[in-house]
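To keep things clear, I will list the structure first and then write my remarks on it.
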Amino acid sequence: RSTPAPTAVSSVRPPAPTFYVPDPASDPAPGPFATPARAAALDWFRRAMDGGGADVPQSALGHGLFDTDDWRSAWRTYDPPGGDEHGSVSYACEVEGVLPAGLVGNLYRNGPGRFGVGGQRVAHVLDSDGLVVKFSFPGDGTCAFRSRFVLTKGYLADTAAGVFTSRGTFGTAIRGLPDLFPPAAAGLDAEPEDVPALSRIAGNAGVTAIKNTANTQVVAFGGRLLALFEAGCPYELDPATLETIGEVDLTGRMRPGALAVKIPGLPAA
């Protein structure tokens with residue numbers, strides 16, 4: 001085996017990561033977190049934040065400490081290269097290794113994907129619009145990927161208006177008196193804005209309905225592909241293209257606001 005030539009080491013140090021390091025005065029970490037291992041982990045994290053170039057070892061993780069930049073990167077609005085305004089994109093996946101010949105079918109996943117509208121971020125990630133992704137395995141050793149947001153009534157209304165037009169389950173609110181309290185519009189991946197109480201009251205007084213984001217689960221049921229939400233009717237999707245067909249009430253058995261997620265261990269309705 002040939003020995004690679006040495007490479008020059010850059011003297012420019014990359015930015016230090018942003019770790020969550022609690023203040024001992026305000027967070028004494030009682031109970032199981034008050035351990036020597038956690039104290040050692042705190043030391044590693046502080047050295048990394050000071051730009052000491054230290055790599056935090058695996059043993060320092062899992063003590064109530066985490067890299068906030070790393071965490072935030074998982075909660076950014078889905079905007080794939082080559083995708084359209086609804087997150088629709090498809091391509092052949094690069095396969096590492098070999099897929100079993102008997103692996104045939106489609107794998108669907110659903111979760112929060114669009115974290116706001118008009119530059120305004122939702123108050124909580126679980127108020128985000130649903131994103132369904134699909135992995136197709138035809139059985140010839142290849143895999144194809146496809147994605148698309150669930151175009152619910154609330155999604156379409158928010159998109160057309162450029163602002164939140166309905167309340168979210170976890171605190172996202174309609175902005176009232178926008179001329180007096182204009183949105184900061186810092187961006188969908190910025191920290192959510194603290195909307196003034198008067199604006200929230202003016203915009204949401206008497207509004208009881210919440211937005212169905214269809215972001216909780218996706219299931220194949222009765223020959224249909226359904227995107228689910230805990231407090232609303234399912235949305236049917238085209239299983240091939242993931243285009244939204246529309247809201248369904250499952251032959252009249254459901255209504256707006258009905259529980260729409262199957263809880264393991266409970267009998268089906």
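Going by the structure tokens order, chains are called A, B, ..., each with residues numbered from 1, while ligands are numbered from 1 in the order shown.
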### Task
Extract, using only C-alpha atoms, all DNA, RNA and protein residues at most 12 Å from A:Ala144, discarding same-chain residues fewer than 4 positions from it, and format them as a ChimeraX atom specification.
/A:89-95,104-108,133-140,240
Output file for the residues above (all heavy atoms, as a compact mmCIF listing (two decimals), in the first residue's frame):
# COMPACT_ATOMS: atom_id res chain seq x y z
N VAL A 89 -40.05 16.54 -5.87
CA VAL A 89 -38.83 16.17 -6.57
C VAL A 89 -38.75 14.64 -6.61
O VAL A 89 -39.30 13.96 -5.74
CB VAL A 89 -37.58 16.76 -5.85
CG1 VAL A 89 -37.35 16.09 -4.51
CG2 VAL A 89 -36.34 16.64 -6.72
N SER A 90 -38.12 14.11 -7.63
CA SER A 90 -37.92 12.67 -7.73
C SER A 90 -36.58 12.40 -8.40
O SER A 90 -36.15 13.15 -9.28
CB SER A 90 -39.05 12.00 -8.52
OG SER A 90 -39.09 12.50 -9.84
N TYR A 91 -35.92 11.33 -7.95
CA TYR A 91 -34.63 10.98 -8.53
C TYR A 91 -34.28 9.55 -8.11
O TYR A 91 -34.86 8.99 -7.16
CB TYR A 91 -33.54 11.95 -8.10
CG TYR A 91 -33.41 12.15 -6.60
CD1 TYR A 91 -32.72 11.25 -5.80
CD2 TYR A 91 -33.99 13.27 -6.00
CE1 TYR A 91 -32.59 11.45 -4.43
CE2 TYR A 91 -33.88 13.47 -4.63
CZ TYR A 91 -33.17 12.57 -3.85
OH TYR A 91 -33.07 12.77 -2.51
N ALA A 92 -33.31 8.98 -8.82
CA ALA A 92 -32.80 7.65 -8.50
C ALA A 92 -31.79 7.78 -7.37
O ALA A 92 -30.93 8.67 -7.38
CB ALA A 92 -32.16 7.01 -9.72
N CYS A 93 -31.92 6.92 -6.37
CA CYS A 93 -31.01 6.97 -5.22
C CYS A 93 -29.69 6.25 -5.55
O CYS A 93 -29.66 5.30 -6.34
CB CYS A 93 -31.66 6.30 -4.01
SG CYS A 93 -33.16 7.08 -3.43
N GLU A 94 -28.64 6.72 -4.94
CA GLU A 94 -27.36 6.02 -5.02
C GLU A 94 -27.34 4.96 -3.93
O GLU A 94 -27.48 5.28 -2.75
CB GLU A 94 -26.21 7.00 -4.85
CG GLU A 94 -24.85 6.36 -4.94
CD GLU A 94 -23.71 7.35 -4.78
OE1 GLU A 94 -23.98 8.57 -4.82
OE2 GLU A 94 -22.56 6.91 -4.59
N VAL A 95 -27.18 3.72 -4.30
CA VAL A 95 -27.24 2.61 -3.36
C VAL A 95 -25.83 2.20 -2.95
O VAL A 95 -24.98 1.94 -3.80
CB VAL A 95 -27.97 1.40 -3.98
CG1 VAL A 95 -27.99 0.23 -3.00
CG2 VAL A 95 -29.40 1.79 -4.36
N VAL A 104 -39.21 -5.54 -2.30
CA VAL A 104 -40.04 -4.96 -3.35
C VAL A 104 -41.19 -4.20 -2.68
O VAL A 104 -41.84 -4.71 -1.76
CB VAL A 104 -40.62 -6.04 -4.29
CG1 VAL A 104 -41.52 -5.40 -5.34
CG2 VAL A 104 -39.51 -6.84 -4.94
N GLY A 105 -41.42 -2.99 -3.13
CA GLY A 105 -42.53 -2.22 -2.58
C GLY A 105 -42.17 -0.76 -2.39
O GLY A 105 -41.16 -0.27 -2.92
N ASN A 106 -43.00 -0.07 -1.62
CA ASN A 106 -42.82 1.36 -1.37
C ASN A 106 -42.80 1.64 0.12
O ASN A 106 -43.60 1.08 0.88
CB ASN A 106 -43.95 2.17 -2.01
CG ASN A 106 -44.00 2.01 -3.51
OD1 ASN A 106 -43.02 2.25 -4.21
ND2 ASN A 106 -45.16 1.59 -4.03
N LEU A 107 -41.89 2.48 0.55
CA LEU A 107 -41.80 2.92 1.93
C LEU A 107 -42.16 4.40 1.98
O LEU A 107 -41.53 5.22 1.31
CB LEU A 107 -40.38 2.72 2.48
CG LEU A 107 -40.11 3.31 3.87
CD1 LEU A 107 -40.92 2.58 4.93
CD2 LEU A 107 -38.61 3.24 4.19
N TYR A 108 -43.21 4.73 2.75
CA TYR A 108 -43.66 6.12 2.88
C TYR A 108 -43.36 6.62 4.29
O TYR A 108 -43.48 5.87 5.26
CB TYR A 108 -45.17 6.23 2.64
CG TYR A 108 -45.63 5.80 1.26
CD1 TYR A 108 -46.02 4.48 1.01
CD2 TYR A 108 -45.68 6.70 0.21
CE1 TYR A 108 -46.45 4.08 -0.24
CE2 TYR A 108 -46.12 6.32 -1.05
CZ TYR A 108 -46.50 5.01 -1.26
OH TYR A 108 -46.93 4.62 -2.51
N VAL A 133 -42.54 11.57 2.04
CA VAL A 133 -41.48 11.07 1.15
C VAL A 133 -41.74 9.60 0.86
O VAL A 133 -42.38 8.89 1.65
CB VAL A 133 -40.08 11.25 1.78
CG1 VAL A 133 -39.80 12.72 2.05
CG2 VAL A 133 -39.93 10.44 3.05
N LYS A 134 -41.23 9.17 -0.28
CA LYS A 134 -41.49 7.81 -0.75
C LYS A 134 -40.20 7.21 -1.30
O LYS A 134 -39.50 7.83 -2.10
CB LYS A 134 -42.56 7.84 -1.85
CG LYS A 134 -42.76 6.54 -2.61
CD LYS A 134 -43.70 6.76 -3.79
CE LYS A 134 -43.85 5.53 -4.66
NZ LYS A 134 -44.69 5.80 -5.85
N PHE A 135 -39.89 6.00 -0.84
CA PHE A 135 -38.78 5.22 -1.37
C PHE A 135 -39.36 4.00 -2.09
O PHE A 135 -40.09 3.21 -1.48
CB PHE A 135 -37.83 4.78 -0.27
CG PHE A 135 -37.12 5.90 0.42
CD1 PHE A 135 -37.67 6.51 1.54
CD2 PHE A 135 -35.90 6.37 -0.05
CE1 PHE A 135 -37.02 7.56 2.18
CE2 PHE A 135 -35.25 7.42 0.58
CZ PHE A 135 -35.81 8.02 1.70
N SER A 136 -39.06 3.86 -3.36
CA SER A 136 -39.60 2.76 -4.16
C SER A 136 -38.51 1.73 -4.43
O SER A 136 -37.40 2.08 -4.86
CB SER A 136 -40.16 3.28 -5.49
OG SER A 136 -41.21 4.19 -5.27
N PHE A 137 -38.83 0.46 -4.18
CA PHE A 137 -37.91 -0.65 -4.40
C PHE A 137 -38.55 -1.60 -5.42
O PHE A 137 -39.39 -2.42 -5.06
CB PHE A 137 -37.64 -1.37 -3.09
CG PHE A 137 -37.07 -0.49 -2.01
CD1 PHE A 137 -37.91 0.11 -1.09
CD2 PHE A 137 -35.71 -0.26 -1.93
CE1 PHE A 137 -37.40 0.94 -0.09
CE2 PHE A 137 -35.19 0.56 -0.93
CZ PHE A 137 -36.03 1.16 -0.02
N PRO A 138 -38.16 -1.52 -6.70
CA PRO A 138 -38.78 -2.38 -7.71
C PRO A 138 -38.27 -3.81 -7.70
O PRO A 138 -38.84 -4.66 -8.38
CB PRO A 138 -38.40 -1.68 -9.02
CG PRO A 138 -37.14 -0.94 -8.71
CD PRO A 138 -37.25 -0.52 -7.27
N GLY A 139 -37.22 -4.10 -6.94
CA GLY A 139 -36.72 -5.47 -6.86
C GLY A 139 -35.56 -5.76 -7.79
O GLY A 139 -35.11 -6.91 -7.88
N ASP A 140 -35.06 -4.75 -8.47
CA ASP A 140 -33.93 -4.95 -9.39
C ASP A 140 -32.63 -4.38 -8.84
O ASP A 140 -31.68 -4.13 -9.59
CB ASP A 140 -34.24 -4.34 -10.76
CG ASP A 140 -34.54 -2.84 -10.67
OD1 ASP A 140 -34.48 -2.27 -9.55
OD2 ASP A 140 -34.84 -2.23 -11.71
N ALA A 240 -48.61 7.07 -6.30
CA ALA A 240 -47.52 7.10 -7.27
C ALA A 240 -46.83 8.46 -7.29
O ALA A 240 -45.60 8.54 -7.23
CB ALA A 240 -48.05 6.76 -8.66
### Task
Could you find all residues in stretch 158-248 of chain A that DSSP calls alpha helix (DSSP H) from the backbone, and write them as a ChimeraX atom specification?
/A:158-161,197-204
### Task
Would you list the contacts of A:Leu228 as number ranges by chain, taking every protein, DNA or RNA residue within 8 Å and counting only C-alpha atoms, but skipping same-chain residues closer than 5 positions in sequence?
A: 214-219, 233-235, 260-261
### Message
I'd like the interatomic distance between atom CA of A:Pro196 and atom CA of A:Gly232, to a tenth of an Å.
### Response
28.3 Å
### Message
List the spatial neighbours of A:Thr208 as JSON, numbers by chain - criterion: any atom at most 12 Å away, only C-alpha atoms, same-chain residues fewer than 2 positions off excluded.
### Response
{"A": [166, 167, 168, 169, 173, 174, 203, 204, 205, 206, 210, 211, 256, 257]}
Could you take the residues named above and write them with N, CA, C and O atoms, as a short mmCIF file (atom, residue, chain, number, x, y, z; two decimals), in the first residue's frame?
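Once written, again.cif looks like this:
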data_model
loop_
_atom_site.label_atom_id
_atom_site.label_comp_id
_atom_site.auth_asym_id
_atom_site.auth_seq_id
_atom_site.Cartn_x
_atom_site.Cartn_y
_atom_site.Cartn_z
N SER A 166 -54.80 30.43 9.90
CA SER A 166 -55.50 29.61 10.89
C SER A 166 -54.57 29.35 12.06
O SER A 166 -53.35 29.52 11.96
N ARG A 167 -55.16 28.92 13.15
CA ARG A 167 -54.39 28.64 14.36
C ARG A 167 -53.71 27.29 14.26
O ARG A 167 -54.19 26.37 13.62
N GLY A 168 -52.58 27.16 14.94
CA GLY A 168 -51.89 25.89 15.03
C GLY A 168 -52.17 25.23 16.37
O GLY A 168 -52.54 25.90 17.34
N THR A 169 -51.95 23.93 16.45
CA THR A 169 -52.19 23.20 17.69
C THR A 169 -51.24 23.63 18.79
O THR A 169 -51.59 23.65 19.97
N ALA A 173 -50.24 31.35 15.69
CA ALA A 173 -51.47 32.13 15.74
C ALA A 173 -51.62 33.03 14.51
O ALA A 173 -50.65 33.40 13.86
N ILE A 174 -52.88 33.36 14.23
CA ILE A 174 -53.18 34.37 13.21
C ILE A 174 -52.73 35.72 13.76
O ILE A 174 -52.99 36.05 14.92
N GLY A 203 -56.39 38.65 16.48
CA GLY A 203 -56.44 37.76 15.34
C GLY A 203 -57.12 36.43 15.60
O GLY A 203 -57.56 35.76 14.65
N ASN A 204 -57.22 36.03 16.89
CA ASN A 204 -57.69 34.69 17.18
C ASN A 204 -58.91 34.63 18.08
O ASN A 204 -59.38 33.54 18.40
N ALA A 205 -59.43 35.78 18.47
CA ALA A 205 -60.61 35.79 19.33
C ALA A 205 -61.78 35.12 18.60
O ALA A 205 -62.14 35.50 17.48
N GLY A 206 -62.36 34.14 19.23
CA GLY A 206 -63.49 33.43 18.66
C GLY A 206 -63.13 32.37 17.65
O GLY A 206 -64.02 31.67 17.14
N ILE A 210 -58.58 24.61 14.33
CA ILE A 210 -57.14 24.61 14.18
C ILE A 210 -56.78 24.04 12.82
O ILE A 210 -57.55 23.32 12.21
N LYS A 211 -55.60 24.36 12.37
CA LYS A 211 -55.15 23.94 11.05
C LYS A 211 -54.82 22.45 11.03
O LYS A 211 -54.12 21.94 11.90
N PRO A 256 -64.50 16.84 11.14
CA PRO A 256 -63.43 17.76 11.53
C PRO A 256 -63.23 17.78 13.03
O PRO A 256 -64.18 17.91 13.80
N GLY A 257 -61.99 17.61 13.47
CA GLY A 257 -61.68 17.58 14.89
C GLY A 257 -61.66 16.20 15.49
O GLY A 257 -61.29 16.03 16.64
#
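Pairwise distance (atom CA of A:Ala160, atom CA of A:Leu177) equals 19.0 Å.
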### Task
Quick one: pull the distance between atom CA of A:Asp194 and atom CA of A:Pro80, Å, one decimal.
28.7 Å
### Query
Quick one: residues within 8 Å of A:Gly246, only C-alpha atoms counted, chain neighbours fewer than 6 positions away excluded, as a list in words?
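Those residues are Thr152, Tyr235, Glu236 and Leu237 of chain A.
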#### Entry: Distance criterion (only C-alpha atoms): nearest to A:Phe229 out of A:Gly118, A:Gly111, A:Pro36, A:Pro192
A:Gly111
### Task
Per DSSP on the backbone, filter stretch 186-264 of chain A down to the residues in strand (DSSP E) and report them as a ChimeraX atom specification.
/A:217-221,224-228,235-237,244-247
